[in-house]
Amino acid sequence: MSSNPVVLITGGGRGIGAATAKLFAKHGYDVCINYKSDQQSAEQVAKEIEKQGVKAHTFQADVADEQQVMAMFAALDSTVSRLDILVNNAAMMKPQMSLLEMDAARINAILSCNVTGAFLCAREAIKRMHKGSIVNVSSGASRTGSANEYLDYAASKGALDTFTIGLAKEIASMGIRVNAVRPGLIYTDMHRDGGEANRVDRLKSKLPLGRGGEADEVAKAIYFLASEHASFTTGSFVDVSGGL
Ligand code: NAP
């Protein structure tokens, strides 16, 4: 088995997760890529990463499903010999609507993936870490609330922020740091899933920096928080949202 440090990135097959996977590979990490359904994208990212001389492994699991999370970590145990970093990146949103139109099935699906999924992956990762770091991918939506678009998604990210603060205190004595990035208006497929594929272009002029962000700009902040450059930083947030 390789002796490189190992990172697990949930939702690492596309968007911000894929950019993060490639950046960790550049820094000499072996990369474990979790995906839910898009196996082809995840395998493609793994293939690109292996060209950089590190190992890449893909793991299918719906992070909202505890049994699937347990199976993923069991598979990880037989594939890599250590786990140094977890990036809790997987998340989903549903088409824009007001609270008046939302039903429990929609709200629970979002909370299960974006909140419960992060809790479960952190729980299993911590059991395997000897020191290390967790980076949660939250959202600027936790501060704005996403009125008339997706209160459920924004509230899930508010929960993730609180989880970041509490977990950082709970496991600091184990030498594990926990931080979060809060991206905003990044060019990825997520906006298509939210029902408005060109949302970033519609709103970018409202940002102080006057443009949308790229996935690799978020990846750099995630890498910074996970790395030794942030060795005295825990329970903290980096906003990557063009000044929003
Ligand atoms: P994306 O392009 O839609 O990618 C989402 C990734 O999450 C995909 O790889 C998807 O897997 C995975 N995923 C979704 N549900 C999952 C589940 N239940 N189990 C396992 N994996 C699951 O989104 P993105 O924009 O890169 O988003 C990444 C993170 O950034 C999310 O936490 C998101 O909330 C946050 N964020 C994004 C923006 C933005 O403007 N894009 C802004 C703020 C925050 P498959 O590939 O298998 O479908």
# chains A, B, ... in the order shown; residues from 1 in each chain; ligands from 1

call {"tool": "residues_around", "arguments": {"residues": "range 227-243 of chain A", "least_positions_apart": "4", "cutoff": "8 Å", "atoms": "only C-alpha atoms", "output": "number ranges by chain"}}
result
A: 133, 140, 164-169, 172, 177-186, 207-213, 217-218, 221, 223

call {"tool": "residues_near_ligand", "arguments": {"ligand": "ligand 1", "cutoff": "6 Å", "atoms": "only C-alpha atoms and all ligand atoms", "output": "NGL selection string"}}
result
:A and (10-17 or 35-38 or 61-64 or 89-92 or 113 or 137-140 or 183-190)

call {"tool": "atom_distance", "arguments": {"atom1": "CA of Ala19 in chain A", "atom2": "CA of Glu43 in chain A"}}
result
13.9 Å

call {"tool": "residues_around", "arguments": {"residues": "Ala141 in chain A", "least_positions_apart": "4", "cutoff": "8 Å", "atoms": "only C-alpha atoms", "output": "list of chain:residue names"}}
result
A:Gly145, A:Ser146, A:Tyr153, A:Ala154, A:Ala155, A:Lys157, A:Gly158, A:Gly184

call {"tool": "closest_residue", "arguments": {"among": "A:Thr116, A:Gly195, A:Arg202, A:Gln39", "to": "Gln60 in chain A", "atoms": "only C-alpha atoms"}}
result
A:Gln39

call {"tool": "closest_residue", "arguments": {"among": "A:Leu8, A:Arg106, A:Ala25, A:Glu101", "to": "Thr58 in chain A", "atoms": "only C-alpha atoms"}}
result
A:Leu8

call {"tool": "select_by_dssp", "arguments": {"residues": "range 69-157 of chain A", "states": "strand (DSSP E or B)", "output": "list in words"}}
result
Ile85, Leu86, Val87, Asn88, Gly132, Ser133, Ile134, Val135, Asn136 and Val137 of chain A

call {"tool": "write_last_selection", "arguments": {"atoms": "N, CA and C atoms", "output": "mmCIF file, in the first residue's frame"}}
result
data_model
loop_
_atom_site.group_PDB
_atom_site.id
_atom_site.type_symbol
_atom_site.label_atom_id
_atom_site.label_comp_id
_atom_site.auth_asym_id
_atom_site.auth_seq_id
_atom_site.Cartn_x
_atom_site.Cartn_y
_atom_site.Cartn_z
ATOM 1 N N ILE A 85 -7.548 13.294 5.911
ATOM 2 C CA ILE A 85 -8.433 14.442 5.683
ATOM 3 C C ILE A 85 -9.789 13.942 5.181
ATOM 4 N N LEU A 86 -10.864 14.527 5.701
ATOM 5 C CA LEU A 86 -12.206 14.337 5.134
ATOM 6 C C LEU A 86 -12.702 15.683 4.635
ATOM 7 N N VAL A 87 -13.177 15.706 3.397
ATOM 8 C CA VAL A 87 -13.871 16.897 2.887
ATOM 9 C C VAL A 87 -15.341 16.515 2.709
ATOM 10 N N ASN A 88 -16.182 17.078 3.581
ATOM 11 C CA ASN A 88 -17.630 16.838 3.518
ATOM 12 C C ASN A 88 -18.210 17.794 2.494
ATOM 13 N N GLY A 132 -5.337 15.007 12.087
ATOM 14 C CA GLY A 132 -5.967 15.175 10.780
ATOM 15 C C GLY A 132 -6.890 16.363 10.761
ATOM 16 N N SER A 133 -7.752 16.390 9.773
ATOM 17 C CA SER A 133 -8.545 17.584 9.555
ATOM 18 C C SER A 133 -9.814 17.267 8.768
ATOM 19 N N ILE A 134 -10.877 17.982 9.121
ATOM 20 C CA ILE A 134 -12.140 17.871 8.389
ATOM 21 C C ILE A 134 -12.486 19.246 7.846
ATOM 22 N N VAL A 135 -12.863 19.306 6.587
ATOM 23 C CA VAL A 135 -13.355 20.565 6.009
ATOM 24 C C VAL A 135 -14.775 20.322 5.515
ATOM 25 N N ASN A 136 -15.715 21.091 6.052
ATOM 26 C CA ASN A 136 -17.104 21.013 5.621
ATOM 27 C C ASN A 136 -17.356 22.070 4.543
ATOM 28 N N VAL A 137 -18.037 21.668 3.479
ATOM 29 C CA VAL A 137 -18.356 22.640 2.428
ATOM 30 C C VAL A 137 -19.774 23.145 2.691
#

call {"tool": "select_by_dssp", "arguments": {"residues": "range 103-208 of chain A", "states": "alpha helix (DSSP H)", "output": "VMD selection string"}}
result
chain A and resid 104 to 111 117 to 128 141 to 144 151 to 171 190 to 193 199 to 203

call {"tool": "closest_residue", "arguments": {"among": "A:Ala219, A:Ala71, A:Leu100, A:Ile107", "to": "Cys121 in chain A", "atoms": "only C-alpha atoms"}}
result
A:Ala71

call {"tool": "residues_around", "arguments": {"residues": "Gly28 in chain A", "least_positions_apart": "4", "cutoff": "12 Å", "atoms": "only C-alpha atoms", "output": "PyMOL selection string"}}
result
chain A and resi 2-7+21-24+49-56

call {"tool": "residues_around", "arguments": {"residues": "Met174 in chain A", "least_positions_apart": "2", "cutoff": "8 Å", "atoms": "only C-alpha atoms", "output": "list in words"}}
result
His130, Lys131, Ile171, Ala172 and Ile176 of chain A

call {"tool": "atom_distance", "arguments": {"atom1": "CA of Leu111 in chain A", "atom2": "CA of Ala159 in chain A"}}
result
9.0 Å

call {"tool": "atom_distance", "arguments": {"atom1": "CA of Asn114 in chain A", "atom2": "CA of Ser156 in chain A"}}
result
6.1 Å

call {"tool": "decode", "arguments": {"residues": "range 192-222 of chain A", "atoms": "N, CA and C atoms", "output": "tab-separated table (two decimals), in the first residue's frame"}}
result
chain	number	residue	atom	x	y	z
A	192	ARG	N	-28.15	23.98	-12.07
A	192	ARG	CA	-29.09	23.28	-12.97
A	192	ARG	C	-30.07	22.47	-12.11
A	193	ASP	N	-29.53	21.79	-11.09
A	193	ASP	CA	-30.40	21.00	-10.20
A	193	ASP	C	-31.36	21.91	-9.42
A	194	GLY	N	-30.93	23.16	-9.19
A	194	GLY	CA	-31.80	24.13	-8.50
A	194	GLY	C	-32.80	24.75	-9.45
A	195	GLY	N	-32.81	24.32	-10.71
A	195	GLY	CA	-33.82	24.76	-11.67
A	195	GLY	C	-33.43	25.99	-12.47
A	196	GLU	N	-32.18	26.48	-12.31
A	196	GLU	CA	-31.77	27.67	-13.05
A	196	GLU	C	-30.29	27.55	-13.41
A	197	ALA	N	-30.02	26.89	-14.55
A	197	ALA	CA	-28.63	26.58	-14.92
A	197	ALA	C	-27.77	27.84	-15.03
A	198	ASN	N	-28.35	28.98	-15.45
A	198	ASN	CA	-27.53	30.20	-15.62
A	198	ASN	C	-27.64	31.17	-14.46
A	199	ARG	N	-27.93	30.65	-13.26
A	199	ARG	CA	-28.14	31.49	-12.08
A	199	ARG	C	-26.92	32.36	-11.77
A	200	VAL	N	-25.71	31.78	-11.94
A	200	VAL	CA	-24.51	32.55	-11.61
A	200	VAL	C	-24.41	33.78	-12.51
A	201	ASP	N	-24.66	33.62	-13.80
A	201	ASP	CA	-24.57	34.76	-14.71
A	201	ASP	C	-25.66	35.80	-14.43
A	202	ARG	N	-26.83	35.34	-14.00
A	202	ARG	CA	-27.90	36.30	-13.69
A	202	ARG	C	-27.53	37.18	-12.50
A	203	LEU	N	-26.84	36.59	-11.52
A	203	LEU	CA	-26.61	37.30	-10.25
A	203	LEU	C	-25.20	37.88	-10.08
A	204	LYS	N	-24.29	37.54	-10.98
A	204	LYS	CA	-22.87	37.87	-10.73
A	204	LYS	C	-22.62	39.38	-10.59
A	205	SER	N	-23.39	40.22	-11.28
A	205	SER	CA	-23.14	41.67	-11.21
A	205	SER	C	-23.45	42.22	-9.83
A	206	LYS	N	-24.21	41.47	-9.03
A	206	LYS	CA	-24.54	41.92	-7.67
A	206	LYS	C	-23.39	41.66	-6.69
A	207	LEU	N	-22.42	40.84	-7.09
A	207	LEU	CA	-21.29	40.55	-6.20
A	207	LEU	C	-20.26	41.68	-6.27
A	208	PRO	N	-19.68	42.06	-5.14
A	208	PRO	CA	-18.63	43.09	-5.18
A	208	PRO	C	-17.53	42.79	-6.20
A	209	LEU	N	-17.14	41.54	-6.36
A	209	LEU	CA	-16.08	41.23	-7.34
A	209	LEU	C	-16.63	41.16	-8.77
A	210	GLY	N	-17.94	41.20	-8.94
A	210	GLY	CA	-18.54	41.35	-10.26
A	210	GLY	C	-18.44	40.16	-11.19
A	211	ARG	N	-18.18	38.98	-10.64
A	211	ARG	CA	-18.10	37.77	-11.48
A	211	ARG	C	-18.46	36.55	-10.66
A	212	GLY	N	-18.76	35.45	-11.35
A	212	GLY	CA	-18.96	34.18	-10.67
A	212	GLY	C	-17.62	33.54	-10.33
A	213	GLY	N	-17.65	32.57	-9.41
A	213	GLY	CA	-16.41	31.90	-9.00
A	213	GLY	C	-16.21	30.58	-9.73
A	214	GLU	N	-14.98	30.10	-9.71
A	214	GLU	CA	-14.65	28.81	-10.32
A	214	GLU	C	-14.42	27.77	-9.22
A	215	ALA	N	-14.68	26.51	-9.58
A	215	ALA	CA	-14.55	25.44	-8.59
A	215	ALA	C	-13.14	25.38	-8.00
A	216	ASP	N	-12.13	25.66	-8.83
A	216	ASP	CA	-10.77	25.53	-8.27
A	216	ASP	C	-10.43	26.66	-7.29
A	217	GLU	N	-11.19	27.76	-7.33
A	217	GLU	CA	-10.97	28.82	-6.33
A	217	GLU	C	-11.48	28.36	-4.95
A	218	VAL	N	-12.53	27.55	-4.96
A	218	VAL	CA	-13.02	26.98	-3.69
A	218	VAL	C	-12.06	25.89	-3.21
A	219	ALA	N	-11.58	25.09	-4.17
A	219	ALA	CA	-10.66	23.99	-3.82
A	219	ALA	C	-9.43	24.53	-3.07
A	220	LYS	N	-8.92	25.69	-3.51
A	220	LYS	CA	-7.72	26.25	-2.87
A	220	LYS	C	-7.99	26.59	-1.40
A	221	ALA	N	-9.19	27.11	-1.12
A	221	ALA	CA	-9.52	27.44	0.28
A	221	ALA	C	-9.69	26.16	1.10
A	222	ILE	N	-10.29	25.14	0.49
A	222	ILE	CA	-10.43	23.85	1.20
A	222	ILE	C	-9.05	23.29	1.52
